[in-house]
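Peer 1: My questions will all concern the structure given below.
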Amino acid sequence: MTMSAFNCSFNLLRAGMRHQIIPKVNISAKPAKHVLSTGEQVIAMGTFFVTILGPSGWILSHLEDYKNRPGAGQE
């Protein structure tokens, strides 16, 4: 009995997914309009590195300070 209910609900879900309209993505194989110089690439990658990994590194390097501060273990 449960298997037939499962099959029925699965068929309803599958029928609902069949009628969705999915837009096509315009993929372009053209070369870039503005080629980035090496200096611009270094600046961009450095900015990404500092923005993403900087806060994580700060927290990990100060983890013991956060554990040892007064009132950290009391709630």
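Each chain in the structure tokens gets a letter, A, B, ..., in the order shown, and its residues are numbered from 1; ligands are numbered from 1 in order too.
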Could you go through chain A and tell me which residues DSSP, when run on the backbone, assigns to alpha helix (DSSP H), listing them as number ranges by chain?
Peer 2: A: 2-18, 38-61, 63-68
Peer 1: How about saving the chosen residues, N, CA and C atoms kept, as a compact mmCIF listing (two decimals), in the first residue's frame?
Peer 2:
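Output file result.txt is given in full below:
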```txt
# COMPACT_ATOMS: atom_id res chain seq x y z
N THR A 2 1.90 1.27 0.79
CA THR A 2 2.76 2.45 0.82
C THR A 2 3.53 2.61 -0.48
N MET A 3 3.88 1.49 -1.10
CA MET A 3 4.63 1.58 -2.34
C MET A 3 3.79 2.18 -3.45
N SER A 4 2.49 1.83 -3.49
CA SER A 4 1.64 2.40 -4.53
C SER A 4 1.42 3.89 -4.28
N ALA A 5 1.34 4.29 -3.02
CA ALA A 5 1.20 5.72 -2.71
C ALA A 5 2.48 6.46 -3.10
N PHE A 6 3.62 5.82 -2.87
CA PHE A 6 4.90 6.41 -3.26
C PHE A 6 4.98 6.55 -4.77
N ASN A 7 4.60 5.53 -5.49
CA ASN A 7 4.63 5.58 -6.95
C ASN A 7 3.69 6.65 -7.49
N CYS A 8 2.52 6.77 -6.89
CA CYS A 8 1.55 7.78 -7.34
C CYS A 8 2.10 9.19 -7.13
N SER A 9 2.67 9.43 -5.94
CA SER A 9 3.20 10.77 -5.67
C SER A 9 4.42 11.05 -6.54
N PHE A 10 5.24 10.03 -6.79
CA PHE A 10 6.40 10.21 -7.66
C PHE A 10 5.95 10.54 -9.08
N ASN A 11 4.93 9.89 -9.57
CA ASN A 11 4.42 10.17 -10.91
C ASN A 11 3.85 11.59 -11.00
N LEU A 12 3.20 12.06 -9.95
CA LEU A 12 2.70 13.44 -9.95
C LEU A 12 3.85 14.44 -9.99
N LEU A 13 4.90 14.17 -9.22
CA LEU A 13 6.06 15.07 -9.24
C LEU A 13 6.75 15.06 -10.59
N ARG A 14 6.89 13.89 -11.17
CA ARG A 14 7.55 13.78 -12.46
C ARG A 14 6.73 14.49 -13.54
N ALA A 15 5.41 14.40 -13.48
CA ALA A 15 4.55 15.07 -14.46
C ALA A 15 4.67 16.59 -14.31
N GLY A 16 4.79 17.06 -13.08
CA GLY A 16 4.94 18.50 -12.86
C GLY A 16 6.27 19.02 -13.39
N MET A 17 7.31 18.22 -13.29
CA MET A 17 8.62 18.64 -13.77
C MET A 17 8.71 18.61 -15.30
N ARG A 18 7.89 17.80 -15.93
CA ARG A 18 7.95 17.64 -17.37
C ARG A 18 7.50 18.92 -18.09
N THR A 38 48.57 41.33 -17.33
CA THR A 38 49.06 40.50 -16.24
C THR A 38 48.93 41.23 -14.91
N GLY A 39 49.22 42.52 -14.91
CA GLY A 39 49.10 43.30 -13.68
C GLY A 39 47.66 43.35 -13.17
N GLU A 40 46.70 43.51 -14.08
CA GLU A 40 45.30 43.53 -13.68
C GLU A 40 44.86 42.17 -13.12
N GLN A 41 45.37 41.10 -13.73
CA GLN A 41 45.05 39.77 -13.24
C GLN A 41 45.63 39.53 -11.84
N VAL A 42 46.85 40.01 -11.61
CA VAL A 42 47.48 39.85 -10.29
C VAL A 42 46.70 40.62 -9.24
N ILE A 43 46.28 41.83 -9.57
CA ILE A 43 45.50 42.64 -8.62
C ILE A 43 44.16 41.97 -8.32
N ALA A 44 43.50 41.46 -9.34
CA ALA A 44 42.20 40.81 -9.14
C ALA A 44 42.34 39.56 -8.28
N MET A 45 43.32 38.71 -8.58
CA MET A 45 43.50 37.48 -7.82
C MET A 45 43.94 37.78 -6.39
N GLY A 46 44.76 38.80 -6.20
CA GLY A 46 45.16 39.20 -4.85
C GLY A 46 43.99 39.70 -4.04
N THR A 47 43.11 40.46 -4.67
CA THR A 47 41.92 40.96 -3.99
C THR A 47 41.00 39.80 -3.59
N PHE A 48 40.80 38.85 -4.49
CA PHE A 48 40.00 37.67 -4.15
C PHE A 48 40.60 36.90 -2.99
N PHE A 49 41.92 36.72 -3.03
CA PHE A 49 42.61 35.97 -1.99
C PHE A 49 42.43 36.63 -0.63
N VAL A 50 42.67 37.93 -0.56
CA VAL A 50 42.56 38.64 0.71
C VAL A 50 41.11 38.68 1.20
N THR A 51 40.18 38.90 0.29
CA THR A 51 38.76 39.00 0.67
C THR A 51 38.21 37.68 1.19
N ILE A 52 38.58 36.58 0.56
CA ILE A 52 38.01 35.28 0.94
C ILE A 52 38.80 34.63 2.07
N LEU A 53 40.12 34.59 1.95
CA LEU A 53 40.93 33.86 2.92
C LEU A 53 41.41 34.70 4.09
N GLY A 54 41.39 36.01 3.97
CA GLY A 54 41.86 36.88 5.05
C GLY A 54 41.09 36.70 6.35
N PRO A 55 39.76 36.84 6.34
CA PRO A 55 39.00 36.65 7.59
C PRO A 55 39.13 35.24 8.17
N SER A 56 39.17 34.24 7.32
CA SER A 56 39.32 32.86 7.81
C SER A 56 40.67 32.69 8.50
N GLY A 57 41.71 33.21 7.90
CA GLY A 57 43.04 33.12 8.50
C GLY A 57 43.13 33.86 9.81
N TRP A 58 42.47 35.02 9.89
CA TRP A 58 42.47 35.79 11.13
C TRP A 58 41.81 35.00 12.26
N ILE A 59 40.67 34.43 11.97
CA ILE A 59 39.95 33.67 13.00
C ILE A 59 40.77 32.45 13.43
N LEU A 60 41.34 31.72 12.47
CA LEU A 60 42.11 30.54 12.82
C LEU A 60 43.38 30.88 13.59
N SER A 61 44.02 31.98 13.27
CA SER A 61 45.24 32.34 13.97
C SER A 61 44.96 32.87 15.38
N LEU A 63 42.34 31.69 17.30
CA LEU A 63 41.39 30.76 17.89
C LEU A 63 41.65 30.54 19.37
N GLU A 64 42.89 30.41 19.76
CA GLU A 64 43.23 30.22 21.17
C GLU A 64 42.84 31.44 22.00
N ASP A 65 42.99 32.64 21.43
CA ASP A 65 42.58 33.86 22.15
C ASP A 65 41.08 33.86 22.40
N TYR A 66 40.31 33.41 21.40
CA TYR A 66 38.86 33.36 21.55
C TYR A 66 38.45 32.31 22.59
N LYS A 67 39.19 31.20 22.66
CA LYS A 67 38.88 30.16 23.63
C LYS A 67 39.20 30.61 25.05
N ASN A 68 40.25 31.39 25.23
CA ASN A 68 40.75 31.75 26.56
C ASN A 68 40.20 33.06 27.09
```
